[in-house]
Every structure is written in C-alpha cells, then in structure tokens.
file run26.cif (mmCIF, C-alpha atoms and all ligand atoms)
data_work
loop_
_atom_site.group_PDB
_atom_site.id
_atom_site.type_symbol
_atom_site.label_atom_id
_atom_site.label_comp_id
_atom_site.auth_asym_id
_atom_site.auth_seq_id
_atom_site.Cartn_x
_atom_site.Cartn_y
_atom_site.Cartn_z
ATOM 1 C CA MET A 20 6.878 43.698 53.125
ATOM 2 C CA LEU A 21 6.972 47.454 53.766
ATOM 3 C CA GLN A 22 7.373 50.076 51.081
ATOM 4 C CA VAL A 23 7.637 53.743 51.963
ATOM 5 C CA LYS A 24 7.430 55.877 48.852
ATOM 6 C CA ALA A 25 8.370 59.572 48.782
ATOM 7 C CA ALA A 26 6.752 60.108 52.186
ATOM 8 C CA ARG A 27 6.231 63.656 53.399
ATOM 9 C CA ALA A 28 5.224 64.518 56.948
ATOM 10 C CA GLY A 29 5.810 67.207 59.554
ATOM 11 C CA TYR A 30 4.431 69.262 62.369
ATOM 12 C CA GLY A 31 2.627 72.576 61.773
ATOM 13 C CA PRO A 32 4.583 74.574 59.233
ATOM 14 C CA MET A 33 7.642 72.320 59.531
ATOM 15 C CA THR A 34 8.397 69.603 56.992
ATOM 16 C CA VAL A 35 10.356 66.760 58.610
ATOM 17 C CA LEU A 36 10.059 63.860 56.166
ATOM 18 C CA ASP A 37 10.844 65.086 52.719
ATOM 19 C CA GLY A 38 10.645 62.346 50.128
ATOM 20 C CA LEU A 39 11.520 59.467 52.443
ATOM 21 C CA THR A 40 11.771 56.241 50.431
ATOM 22 C CA PHE A 41 12.816 52.800 51.685
ATOM 23 C CA GLU A 42 11.726 49.179 51.826
ATOM 24 C CA VAL A 43 11.857 46.435 54.430
ATOM 25 C CA GLY A 44 11.918 42.802 53.361
ATOM 26 C CA ARG A 45 10.396 39.862 55.215
ATOM 27 C CA GLY A 46 12.473 38.982 58.278
ATOM 28 C CA GLU A 47 14.861 41.870 57.700
ATOM 29 C CA ARG A 48 16.386 43.796 60.619
ATOM 30 C CA LEU A 49 16.794 47.383 59.504
ATOM 31 C CA ALA A 50 18.685 49.956 61.581
ATOM 32 C CA MET A 51 17.756 53.583 60.999
ATOM 33 C CA ILE A 52 20.415 56.011 62.168
ATOM 34 C CA GLY A 53 21.309 59.680 61.737
ATOM 35 C CA ARG A 54 21.938 62.865 63.679
ATOM 36 C CA ASN A 55 19.462 64.248 66.203
ATOM 37 C CA GLY A 56 16.352 65.748 64.652
ATOM 38 C CA VAL A 57 16.734 64.294 61.137
ATOM 39 C CA GLY A 58 13.311 62.644 61.377
ATOM 40 C CA LYS A 59 13.871 59.070 62.578
ATOM 41 C CA THR A 60 11.083 59.077 65.158
ATOM 42 C CA THR A 61 8.822 60.911 62.725
ATOM 43 C CA ALA A 62 9.502 58.198 60.131
ATOM 44 C CA LEU A 63 8.349 55.463 62.536
ATOM 45 C CA ARG A 64 5.267 57.485 63.491
ATOM 46 C CA ALA A 65 4.335 58.038 59.855
ATOM 47 C CA VAL A 66 4.723 54.333 59.044
ATOM 48 C CA MET A 67 2.535 53.396 62.025
ATOM 49 C CA GLY A 68 -0.033 56.093 61.200
ATOM 50 C CA VAL A 69 0.379 58.002 64.451
ATOM 51 C CA ILE A 70 0.888 61.144 62.353
ATOM 52 C CA PRO A 71 -0.637 61.676 58.897
ATOM 53 C CA LEU A 72 1.252 61.619 55.627
ATOM 54 C CA ARG A 73 1.269 64.874 53.681
ATOM 55 C CA GLY A 74 2.420 63.161 50.520
ATOM 56 C CA GLY A 75 3.729 59.862 49.207
ATOM 57 C CA ALA A 76 2.557 56.451 50.355
ATOM 58 C CA VAL A 77 3.084 53.598 52.813
ATOM 59 C CA LEU A 78 2.392 50.095 51.508
ATOM 60 C CA PHE A 79 2.307 47.079 53.800
ATOM 61 C CA GLU A 80 2.258 43.632 52.178
ATOM 62 C CA GLY A 81 1.244 45.303 48.935
ATOM 63 C CA GLU A 82 -1.713 47.155 50.439
ATOM 64 C CA ASP A 83 -1.800 50.948 50.554
ATOM 65 C CA VAL A 84 -2.238 51.729 54.270
ATOM 66 C CA SER A 85 -1.488 55.462 53.908
ATOM 67 C CA ARG A 86 -4.967 56.580 54.939
ATOM 68 C CA MET A 87 -5.519 53.950 57.640
ATOM 69 C CA SER A 88 -5.522 54.649 61.365
ATOM 70 C CA ALA A 89 -2.769 53.276 63.599
ATOM 71 C CA HIS A 90 -5.295 50.769 64.927
ATOM 72 C CA GLN A 91 -6.092 49.466 61.446
ATOM 73 C CA ARG A 92 -2.383 49.203 60.661
ATOM 74 C CA ALA A 93 -1.835 47.268 63.901
ATOM 75 C CA GLU A 94 -4.542 44.824 62.830
ATOM 76 C CA ARG A 95 -2.658 44.265 59.592
ATOM 77 C CA GLY A 96 0.569 43.468 61.448
ATOM 78 C CA LEU A 97 2.464 46.662 62.201
ATOM 79 C CA GLY A 98 3.682 47.214 65.776
ATOM 80 C CA LEU A 99 5.406 50.204 67.392
ATOM 81 C CA VAL A 100 7.419 50.321 70.592
ATOM 82 C CA PRO A 101 7.573 54.082 71.238
ATOM 83 C CA GLN A 102 10.546 55.924 72.695
ATOM 84 C CA THR A 103 8.729 56.548 75.974
ATOM 85 C CA ARG A 104 8.456 53.035 77.358
ATOM 86 C CA ASP A 105 4.734 52.675 77.656
ATOM 87 C CA VAL A 106 4.514 50.566 80.772
ATOM 88 C CA PHE A 107 1.486 51.002 83.053
ATOM 89 C CA PRO A 108 3.218 51.757 86.393
ATOM 90 C CA SER A 109 0.314 50.747 88.632
ATOM 91 C CA LEU A 110 -0.163 47.344 86.954
ATOM 92 C CA SER A 111 1.968 44.240 87.492
ATOM 93 C CA VAL A 112 4.210 42.858 84.765
ATOM 94 C CA GLU A 113 1.636 40.172 84.035
ATOM 95 C CA GLU A 114 -1.234 42.677 83.864
ATOM 96 C CA ASN A 115 0.815 44.829 81.505
ATOM 97 C CA LEU A 116 1.350 41.796 79.289
ATOM 98 C CA LEU A 117 -2.345 40.858 79.396
ATOM 99 C CA ALA A 118 -3.113 44.284 77.935
ATOM 100 C CA GLY A 119 -1.100 43.288 74.856
ATOM 101 C CA LEU A 120 -2.879 39.995 74.254
ATOM 102 C CA LYS A 121 -5.868 41.426 72.425
ATOM 103 C CA ARG A 122 -8.183 38.480 71.718
ATOM 104 C CA ARG A 123 -5.576 35.772 72.210
ATOM 105 C CA PRO A 124 -5.813 33.223 75.085
ATOM 106 C CA ARG A 125 -4.026 33.928 78.334
ATOM 107 C CA ALA A 126 -1.717 30.953 77.742
ATOM 108 C CA ALA A 127 -0.026 32.992 75.009
ATOM 109 C CA LEU A 128 1.709 34.956 77.793
ATOM 110 C CA GLN A 129 4.137 32.047 77.916
ATOM 111 C CA GLU A 130 5.608 33.269 74.613
ATOM 112 C CA ALA A 131 6.630 36.519 76.286
ATOM 113 C CA TYR A 132 8.151 34.700 79.260
ATOM 114 C CA GLU A 133 10.133 32.402 76.975
ATOM 115 C CA LEU A 134 11.616 35.324 75.079
ATOM 116 C CA PHE A 135 12.263 37.369 78.227
ATOM 117 C CA PRO A 136 12.783 35.003 81.202
ATOM 118 C CA ARG A 137 13.481 38.024 83.372
ATOM 119 C CA LEU A 138 9.856 39.084 82.985
ATOM 120 C CA ALA A 139 8.733 35.672 84.209
ATOM 121 C CA GLU A 140 10.780 36.193 87.393
ATOM 122 C CA ARG A 141 9.203 39.633 87.846
ATOM 123 C CA ARG A 142 5.653 38.729 86.779
ATOM 124 C CA ARG A 143 4.101 39.893 90.066
ATOM 125 C CA ASN A 144 6.195 43.071 90.352
ATOM 126 C CA GLY A 145 4.595 46.427 89.659
ATOM 127 C CA GLY A 146 5.505 48.239 86.463
ATOM 128 C CA ASN A 147 6.973 50.977 88.658
ATOM 129 C CA GLN A 148 9.327 48.481 90.353
ATOM 130 C CA LEU A 149 11.179 47.565 87.187
ATOM 131 C CA SER A 150 14.598 48.736 86.048
ATOM 132 C CA GLY A 151 14.813 50.697 82.788
ATOM 133 C CA GLY A 152 15.966 47.589 80.925
ATOM 134 C CA GLU A 153 13.134 45.501 82.322
ATOM 135 C CA GLN A 154 10.608 48.195 81.352
ATOM 136 C CA GLN A 155 11.980 48.112 77.834
ATOM 137 C CA MET A 156 11.693 44.308 77.728
ATOM 138 C CA LEU A 157 8.097 44.637 78.918
ATOM 139 C CA SER A 158 7.245 47.210 76.220
ATOM 140 C CA VAL A 159 8.717 44.979 73.516
ATOM 141 C CA ALA A 160 7.160 41.790 74.922
ATOM 142 C CA ARG A 161 3.732 43.412 75.065
ATOM 143 C CA ALA A 162 3.992 44.623 71.475
ATOM 144 C CA LEU A 163 5.048 41.116 70.373
ATOM 145 C CA LEU A 164 1.997 39.509 71.982
ATOM 146 C CA GLY A 165 -0.120 41.319 69.360
ATOM 147 C CA ARG A 166 1.808 39.168 66.830
ATOM 148 C CA PRO A 167 3.069 41.945 64.582
ATOM 149 C CA LYS A 168 4.778 40.971 61.351
ATOM 150 C CA LEU A 169 6.913 44.116 61.447
ATOM 151 C CA LEU A 170 8.037 45.700 64.712
ATOM 152 C CA LEU A 171 9.145 49.352 64.801
ATOM 153 C CA MET A 172 11.371 50.096 67.818
ATOM 154 C CA ASP A 173 12.271 53.666 68.749
ATOM 155 C CA GLU A 174 15.568 53.905 70.659
ATOM 156 C CA PRO A 175 15.016 50.829 72.819
ATOM 157 C CA LEU A 176 18.537 51.104 74.292
ATOM 158 C CA GLU A 177 18.205 54.740 75.361
ATOM 159 C CA GLY A 178 19.335 55.532 78.883
ATOM 160 C CA LEU A 179 20.454 51.987 79.675
ATOM 161 C CA ALA A 180 23.832 50.927 81.064
ATOM 162 C CA PRO A 181 26.128 48.993 78.688
ATOM 163 C CA LEU A 182 25.576 45.612 80.370
ATOM 164 C CA ILE A 183 21.801 46.006 80.261
ATOM 165 C CA ARG A 184 22.007 47.060 76.605
ATOM 166 C CA GLN A 185 23.891 43.848 75.850
ATOM 167 C CA GLU A 186 21.282 41.794 77.664
ATOM 168 C CA LEU A 187 18.478 43.507 75.761
ATOM 169 C CA LEU A 188 20.243 43.033 72.434
ATOM 170 C CA ALA A 189 20.728 39.348 73.197
ATOM 171 C CA ALA A 190 16.975 39.143 73.860
ATOM 172 C CA PHE A 191 16.261 40.925 70.546
ATOM 173 C CA ARG A 192 18.551 38.478 68.706
ATOM 174 C CA TYR A 193 16.743 35.568 70.290
ATOM 175 C CA MET A 194 13.412 37.182 69.368
ATOM 176 C CA SER A 195 14.552 37.536 65.747
ATOM 177 C CA GLN A 196 15.718 33.903 65.587
ATOM 178 C CA GLN A 197 12.576 32.528 67.181
ATOM 179 C CA THR A 198 9.964 34.609 65.371
ATOM 180 C CA GLY A 199 11.591 35.713 62.096
ATOM 181 C CA ILE A 200 9.788 39.022 62.623
ATOM 182 C CA ALA A 201 10.916 42.024 60.544
ATOM 183 C CA VAL A 202 12.296 44.883 62.639
ATOM 184 C CA VAL A 203 13.059 48.554 62.110
ATOM 185 C CA ILE A 204 15.217 49.858 64.956
ATOM 186 C CA VAL A 205 15.992 53.547 65.431
ATOM 187 C CA GLU A 206 19.068 53.971 67.641
ATOM 188 C CA GLN A 207 21.652 56.475 68.827
ATOM 189 C CA GLN A 208 23.753 53.509 69.965
ATOM 190 C CA VAL A 209 25.044 53.061 66.448
ATOM 191 C CA GLU A 210 27.587 50.290 66.988
ATOM 192 C CA GLU A 211 25.129 48.147 68.885
ATOM 193 C CA ALA A 212 22.307 48.754 66.413
ATOM 194 C CA LEU A 213 24.570 47.833 63.494
ATOM 195 C CA ALA A 214 25.704 44.654 65.260
ATOM 196 C CA TYR A 215 22.055 43.573 65.573
ATOM 197 C CA ALA A 216 20.742 44.766 62.202
ATOM 198 C CA SER A 217 21.136 43.140 58.800
ATOM 199 C CA ARG A 218 20.807 46.393 56.847
ATOM 200 C CA ALA A 219 21.130 50.065 57.748
ATOM 201 C CA LEU A 220 19.767 53.357 56.499
ATOM 202 C CA ILE A 221 21.204 56.745 57.285
ATOM 203 C CA LEU A 222 18.691 59.591 57.312
ATOM 204 C CA ASP A 223 19.424 63.270 56.846
ATOM 205 C CA HIS A 224 16.862 66.051 56.459
ATOM 206 C CA GLY A 225 14.037 63.538 56.323
ATOM 207 C CA ALA A 226 15.405 61.436 53.479
ATOM 208 C CA VAL A 227 17.668 58.397 53.054
ATOM 209 C CA VAL A 228 21.254 59.356 52.214
ATOM 210 C CA HIS A 229 22.873 55.930 52.614
ATOM 211 C CA ASP A 230 21.598 52.344 52.395
ATOM 212 C CA ALA A 231 24.009 49.477 53.050
ATOM 213 C CA PRO A 232 24.442 46.095 54.729
ATOM 214 C CA ALA A 233 24.865 46.809 58.444
ATOM 215 C CA GLU A 234 28.166 44.949 58.632
ATOM 216 C CA ALA A 235 29.616 47.020 55.786
ATOM 217 C CA LEU A 236 28.465 50.311 57.308
ATOM 218 C CA ALA A 237 29.963 49.366 60.679
ATOM 219 C CA GLN A 238 33.388 49.335 58.938
ATOM 220 C CA ASP A 239 32.734 52.497 56.922
ATOM 221 C CA THR A 240 33.966 55.107 59.375
ATOM 222 C CA GLY A 241 34.093 57.853 56.738
ATOM 223 C CA THR A 242 30.365 57.573 56.008
ATOM 224 C CA LEU A 243 29.480 57.326 59.699
ATOM 225 C CA GLU A 244 31.557 60.393 60.552
ATOM 226 C CA ARG A 245 30.060 62.359 57.693
ATOM 227 C CA TRP A 246 26.383 61.603 58.309
ATOM 228 C CA VAL A 247 26.140 60.558 61.912
ATOM 229 C CA GLY A 248 29.014 62.588 63.309
ATOM 230 C CA LEU A 249 30.404 59.614 65.144
ATOM 231 C CA ALA A 250 33.836 58.139 65.325
ATOM 232 C CA VAL A 251 33.061 54.432 65.603
ATOM 233 C CA HIS A 252 35.861 52.211 66.855
HETATM 234 N N1 LIG B 301 5.348 66.660 68.261
HETATM 235 C C1 LIG B 301 6.165 67.516 67.625
HETATM 236 N N2 LIG B 301 5.785 68.793 67.375
HETATM 237 C C2 LIG B 301 6.593 69.653 66.732
HETATM 238 N N3 LIG B 301 7.818 69.337 66.288
HETATM 239 C C3 LIG B 301 8.267 68.093 66.505
HETATM 240 C C4 LIG B 301 7.467 67.112 67.181
HETATM 241 N N4 LIG B 301 8.173 65.969 67.245
HETATM 242 C C5 LIG B 301 9.366 66.206 66.649
HETATM 243 N N5 LIG B 301 9.417 67.479 66.202
HETATM 244 C C6 LIG B 301 10.536 68.096 65.449
HETATM 245 O O1 LIG B 301 10.689 67.379 64.246
HETATM 246 C C7 LIG B 301 12.073 67.213 63.925
HETATM 247 C C8 LIG B 301 12.379 65.730 63.755
HETATM 248 O O2 LIG B 301 12.187 65.087 64.998
HETATM 249 P P1 LIG B 301 12.368 63.519 65.184
HETATM 250 O O3 LIG B 301 12.025 63.216 66.615
HETATM 251 O O4 LIG B 301 11.649 62.789 64.131
HETATM 252 O O5 LIG B 301 13.924 63.330 64.934
HETATM 253 P P2 LIG B 301 14.896 62.172 65.334
HETATM 254 O O6 LIG B 301 15.775 61.941 64.169
HETATM 255 O O7 LIG B 301 14.116 61.018 65.853
HETATM 256 O O8 LIG B 301 15.721 62.835 66.500
HETATM 257 P P3 LIG B 301 16.299 62.255 67.878
HETATM 258 O O9 LIG B 301 17.399 61.355 67.483
HETATM 259 O O10 LIG B 301 16.768 63.494 68.578
HETATM 260 O O11 LIG B 301 15.167 61.563 68.586
HETATM 261 C C9 LIG B 301 12.846 67.894 65.031
HETATM 262 O O12 LIG B 301 13.199 69.175 64.582
HETATM 263 C C10 LIG B 301 11.857 67.957 66.171
HETATM 264 O O13 LIG B 301 12.115 69.063 66.991
#
call {"tool": "encode", "arguments": {"input": "run26.cif", "output": "structure tokens"}}
result
Amino acid sequence: MLQVKAARAGYGPMTVLDGLTFEVGRGERLAMIGRNGVGKTTALRAVMGVIPLRGGAVLFEGEDVSRMSAHQRAERGLGLVPQTRDVFPSLSVEENLLAGLKRRPRAALQEAYELFPRLAERRRNGGNQLSGGEQQMLSVARALLGRPKLLLMDEPLEGLAPLIRQELLAAFRYMSQQTGIAVVIVEQQVEEALAYASRALILDHGAVVHDAPAEALAQDTGTLERWVGLAVH
C-alpha cells in the first residue's frame, strides 16, 4: 500500500531522513520506534507531504505521490494525526467532528460515536473541556471521518495516564477490527505500541535498523536495549 524508497528529508542544513526505506501492507499496523530525535516524526511528515522530500520517493497504492501536496495525498487516502492534538478548543466535540467530514453527510458522524462512545457522551462539550485522552480520541475520530486508507499517528499516547492509554489502545484495536485500516504508529510507549502493532520498525539516524513482527520484537530485549535504550519487562 505504502512504499517509502530511500527517502531523504531535513530542516535547513540538517539531514534527518537519510535513505529511509520501508513498506506498509494493506491492513497492517506498523509501530515505528527509536530514540528521541532519530526522525520518527519527520518520517510521518514526509510521508504525508507536510515537509518536502530531498531525495527518494513515496508511493501510495502504486502511485508516486512524492511531489503532491498534503491535501492531494489526503484525497488519495493518507491521514495524519499530529503529535499536537489538533482539537479546536472553542468548538464542541460535534463541531470538531463535523470539520472532519469533508463532503460526507452529517449522519456519518455516527461512525465516530460508534468507535469512541465516550465522544458521544461528550458531544456537546467544548474541545477545551476534554481530558487529554478524550482530545486524542477526538483527533483520531476526526481523521477517520475523512476515510483514510492509511492512518499515521504521532505519539497518540503521549502524556496520558496508564489507564487512559489502555482505554485508547482498546479503542484503536476496535478501530482496526472494524475498519481494517492500515496504521503507522510512532510511540515512546514501546510496550504498548508493540502490543497493538503487527510489525515494528526501529529507526536510527533517519534509517531503518530493524524490521520484525511486533510480537517477536517485544521479546527481543537485546535489540530494544541496543536501539531504543529501554529495558522492557
Ligand atoms: N521544525 C524543525 N526545524 C528544525 N529542526 C527540527 C524540526 N523538527 C524536528 N527537528 C529536528 O530534527 C531531528 C529529528 O526530529 P524528529 O521530531 O523527527 O525526531 P523523533 O524521532 O520524532 O523524536 P521524538 O521522539 O523526540 O519526537 C531532531 O534533531 C529535531 O531537533
């Protein structure tokens, strides 16, 4: 579904992605992990077209989208939930969701409420009255209403308490079962990301240094300690 080939990208004089190559299959849940600053967020931005490629290519469903704007890529089925939860604070939950509908009928909001019943309970609440977990659900739900085929999620569990993370992960699992959508999830919460994902990549210096089934990597403490610097229990 997605092919990233020898991608290069960076900021000013700095090269961050340096020959990044990976693929995502239909319905796959790919976790992307690695130390701080290795280029995980930059990788998602380059795939979405928020920052330009300096070399290499991004292909989506066989089409070269490397020179397309983020908007054009969204029309083809790519969706990004950025690290900063982009909830409009002055709008209600429902108004936030309406903004994600694009040209679809209002009745489609029901899809979001089915996946995240908590949002249905809070539909009249302001975006600024939501907990961090609820804001994250709203960001994801809004992105899903655009019917992406591949959803890129940047640290959706960041700053959330363990119980809320579990609730969010359960919602993501349900989302995956119900929609079969392909997902790339960047996370510092490695254990939780690996429990959700089917496959995992480790990035270092803007390139892939390890590619394995998520379940296998979760057991591979040597690799995790070496590349992620984590002792996983
Ligand atoms: N807008 C920007 N302008 C300049 N440099 C940036 C910008 N965004 C990120 N960087 C730098 O690019 C490098 C890679 O950052 P990136 O956010 O992709 O890493 P990351 O792996 O997602 O890290 P983290 O886990 O800390 O979020 C870092 O050195 C970072 O300081």
call {"tool": "closest_atom_pairs", "arguments": {"input": "run26.cif", "of": "stretch 34-107 of chain A", "to": "stretch 202-218 of chain A", "cutoff": "7 Å", "atoms": "all atoms listed in the file", "output": "JSON lines"}}
result
{"residue": "A:Glu47", "atom": "CA", "partner": "A:Val202", "partner_atom": "CA", "distance": 6.3}
{"residue": "A:Arg48", "atom": "CA", "partner": "A:Val202", "partner_atom": "CA", "distance": 4.7}
{"residue": "A:Leu49", "atom": "CA", "partner": "A:Val203", "partner_atom": "CA", "distance": 4.7}
{"residue": "A:Ala50", "atom": "CA", "partner": "A:Ile204", "partner_atom": "CA", "distance": 4.8}
{"residue": "A:Met51", "atom": "CA", "partner": "A:Val205", "partner_atom": "CA", "distance": 4.8}
{"residue": "A:Ile52", "atom": "CA", "partner": "A:Glu206", "partner_atom": "CA", "distance": 6.0}
{"residue": "A:Lys59", "atom": "CA", "partner": "A:Val205", "partner_atom": "CA", "distance": 6.6}
call {"tool": "resolve_selection", "arguments": {"input": "run26.cif", "expression": "the PyMOL selection byres (((chain A and resi 73) around 9) and not hetatm)", "output": "count of residues only"}}
result
8
call {"tool": "resolve_selection", "arguments": {"input": "run26.cif", "expression": "the PyMOL selection byres (((chain A and resi 143) around 7) and not hetatm)", "output": "list of chain:residue names"}}
result
A:Ser111, A:Val112, A:Glu113, A:Arg141, A:Arg142, A:Asn144, A:Gly145
call {"tool": "residues_near_ligand", "arguments": {"input": "run26.cif", "ligand": "ligand LIG 301 (chain B)", "cutoff": "6 Å", "atoms": "all atoms listed in the file", "output": "PDB file with C-alpha atoms, in the frame of the given file"}}
result
ATOM      1  CA  TYR A  30       4.431  69.262  62.369  1.00  0.00           C
ATOM      2  CA  VAL A  35      10.356  66.760  58.610  1.00  0.00           C
ATOM      3  CA  ASN A  55      19.462  64.248  66.203  1.00  0.00           C
ATOM      4  CA  GLY A  56      16.352  65.748  64.652  1.00  0.00           C
ATOM      5  CA  VAL A  57      16.734  64.294  61.137  1.00  0.00           C
ATOM      6  CA  GLY A  58      13.311  62.644  61.377  1.00  0.00           C
ATOM      7  CA  LYS A  59      13.871  59.070  62.578  1.00  0.00           C
ATOM      8  CA  THR A  60      11.083  59.077  65.158  1.00  0.00           C
ATOM      9  CA  THR A  61       8.822  60.911  62.725  1.00  0.00           C
TER      10      THR A  61
END
call {"tool": "residues_around", "arguments": {"input": "run26.cif", "residues": "A:Pro175", "least_positions_apart": "3", "cutoff": "7 Å", "atoms": "only C-alpha atoms", "output": "PDB file with C-alpha atoms, in the frame of the given file"}}
result
ATOM      1  CA  GLN A 102      10.546  55.924  72.695  1.00  0.00           C
ATOM      2  CA  GLN A 155      11.980  48.112  77.834  1.00  0.00           C
ATOM      3  CA  MET A 172      11.371  50.096  67.818  1.00  0.00           C
TER       4      MET A 172
END
call {"tool": "atom_distance", "arguments": {"input": "run26.cif", "atom1": "atom CA of A:Asp223", "atom2": "atom CA of A:Leu170"}}
result
22.4 Å
call {"tool": "resolve_selection", "arguments": {"input": "run26.cif", "expression": "the PyMOL selection byres (((chain A and resi 146) around 8) and not hetatm)", "output": "JSON, numbers by chain"}}
result
{"A": [106, 107, 108, 109, 110, 111, 112, 115, 144, 145, 147, 148, 149, 154]}
call {"tool": "write_last_selection", "arguments": {"input": "run26.cif", "atoms": "C-alpha atoms", "output": "PDB file, in the coordinates of the input"}}
result
ATOM      1  CA  VAL A 106       4.514  50.566  80.772  1.00  0.00           C
ATOM      2  CA  PHE A 107       1.486  51.002  83.053  1.00  0.00           C
ATOM      3  CA  PRO A 108       3.218  51.757  86.393  1.00  0.00           C
ATOM      4  CA  SER A 109       0.314  50.747  88.632  1.00  0.00           C
ATOM      5  CA  LEU A 110      -0.163  47.344  86.954  1.00  0.00           C
ATOM      6  CA  SER A 111       1.968  44.240  87.492  1.00  0.00           C
ATOM      7  CA  VAL A 112       4.210  42.858  84.765  1.00  0.00           C
ATOM      8  CA  ASN A 115       0.815  44.829  81.505  1.00  0.00           C
ATOM      9  CA  ASN A 144       6.195  43.071  90.352  1.00  0.00           C
ATOM     10  CA  GLY A 145       4.595  46.427  89.659  1.00  0.00           C
ATOM     11  CA  ASN A 147       6.973  50.977  88.658  1.00  0.00           C
ATOM     12  CA  GLN A 148       9.327  48.481  90.353  1.00  0.00           C
ATOM     13  CA  LEU A 149      11.179  47.565  87.187  1.00  0.00           C
ATOM     14  CA  GLN A 154      10.608  48.195  81.352  1.00  0.00           C
TER      15      GLN A 154
END
call {"tool": "axis_aligned_box", "arguments": {"input": "run26.cif", "around": "stretch 157-161 of chain A", "padding_each_side": "5 Å", "output": "lines of an AutoDock Vina configuration file"}}
result
center_x = 6.2
center_y = 44.5
center_z = 76.2
size_x = 15.0
size_y = 15.4
size_z = 15.4
call {"tool": "residues_around", "arguments": {"input": "run26.cif", "residues": "stretch 122-134 of chain A", "least_positions_apart": "4", "cutoff": "10 Å", "atoms": "only C-alpha atoms", "output": "ChimeraX atom specification"}}
result
/A:113,116-118,138-142,156-157,159-166,190-194,197-198
call {"tool": "closest_residue", "arguments": {"input": "run26.cif", "among": "A:Gly53, A:Leu63, A:Gln91, A:Glu234", "to": "A:Gly248", "atoms": "all atoms listed in the file"}}
result
A:Gly53
call {"tool": "atom_distance", "arguments": {"input": "run26.cif", "atom1": "atom CA of A:Lys121", "atom2": "atom CA of A:Val23"}}
result
27.4 Å
call {"tool": "atom_distance", "arguments": {"input": "run26.cif", "atom1": "atom CA of A:Leu171", "atom2": "atom CA of A:Leu120"}}
result
17.9 Å
call {"tool": "closest_residue", "arguments": {"input": "run26.cif", "among": "A:Leu176, A:Leu188, A:Val66, A:Leu78", "to": "A:Thr103", "atoms": "all atoms listed in the file"}}
result
A:Leu176
call {"tool": "closest_residue", "arguments": {"input": "run26.cif", "among": "A:Pro136, A:Gly68, A:Gly46, A:Pro167", "to": "A:Gly96", "atoms": "all atoms listed in the file"}}
result
A:Pro167
call {"tool": "closest_residue", "arguments": {"input": "run26.cif", "among": "A:Ile200, A:Val247, A:Ala231, A:Ala189", "to": "A:Ala219", "atoms": "all atoms listed in the file"}}
result
A:Ala231
call {"tool": "residues_near_point", "arguments": {"input": "run26.cif", "point": "(15.0, 57.7, 48.3)", "cutoff": "10 Å", "atoms": "only C-alpha atoms", "output": "ChimeraX atom specification"}}
result
/A:23-26,37-42,222,225-230
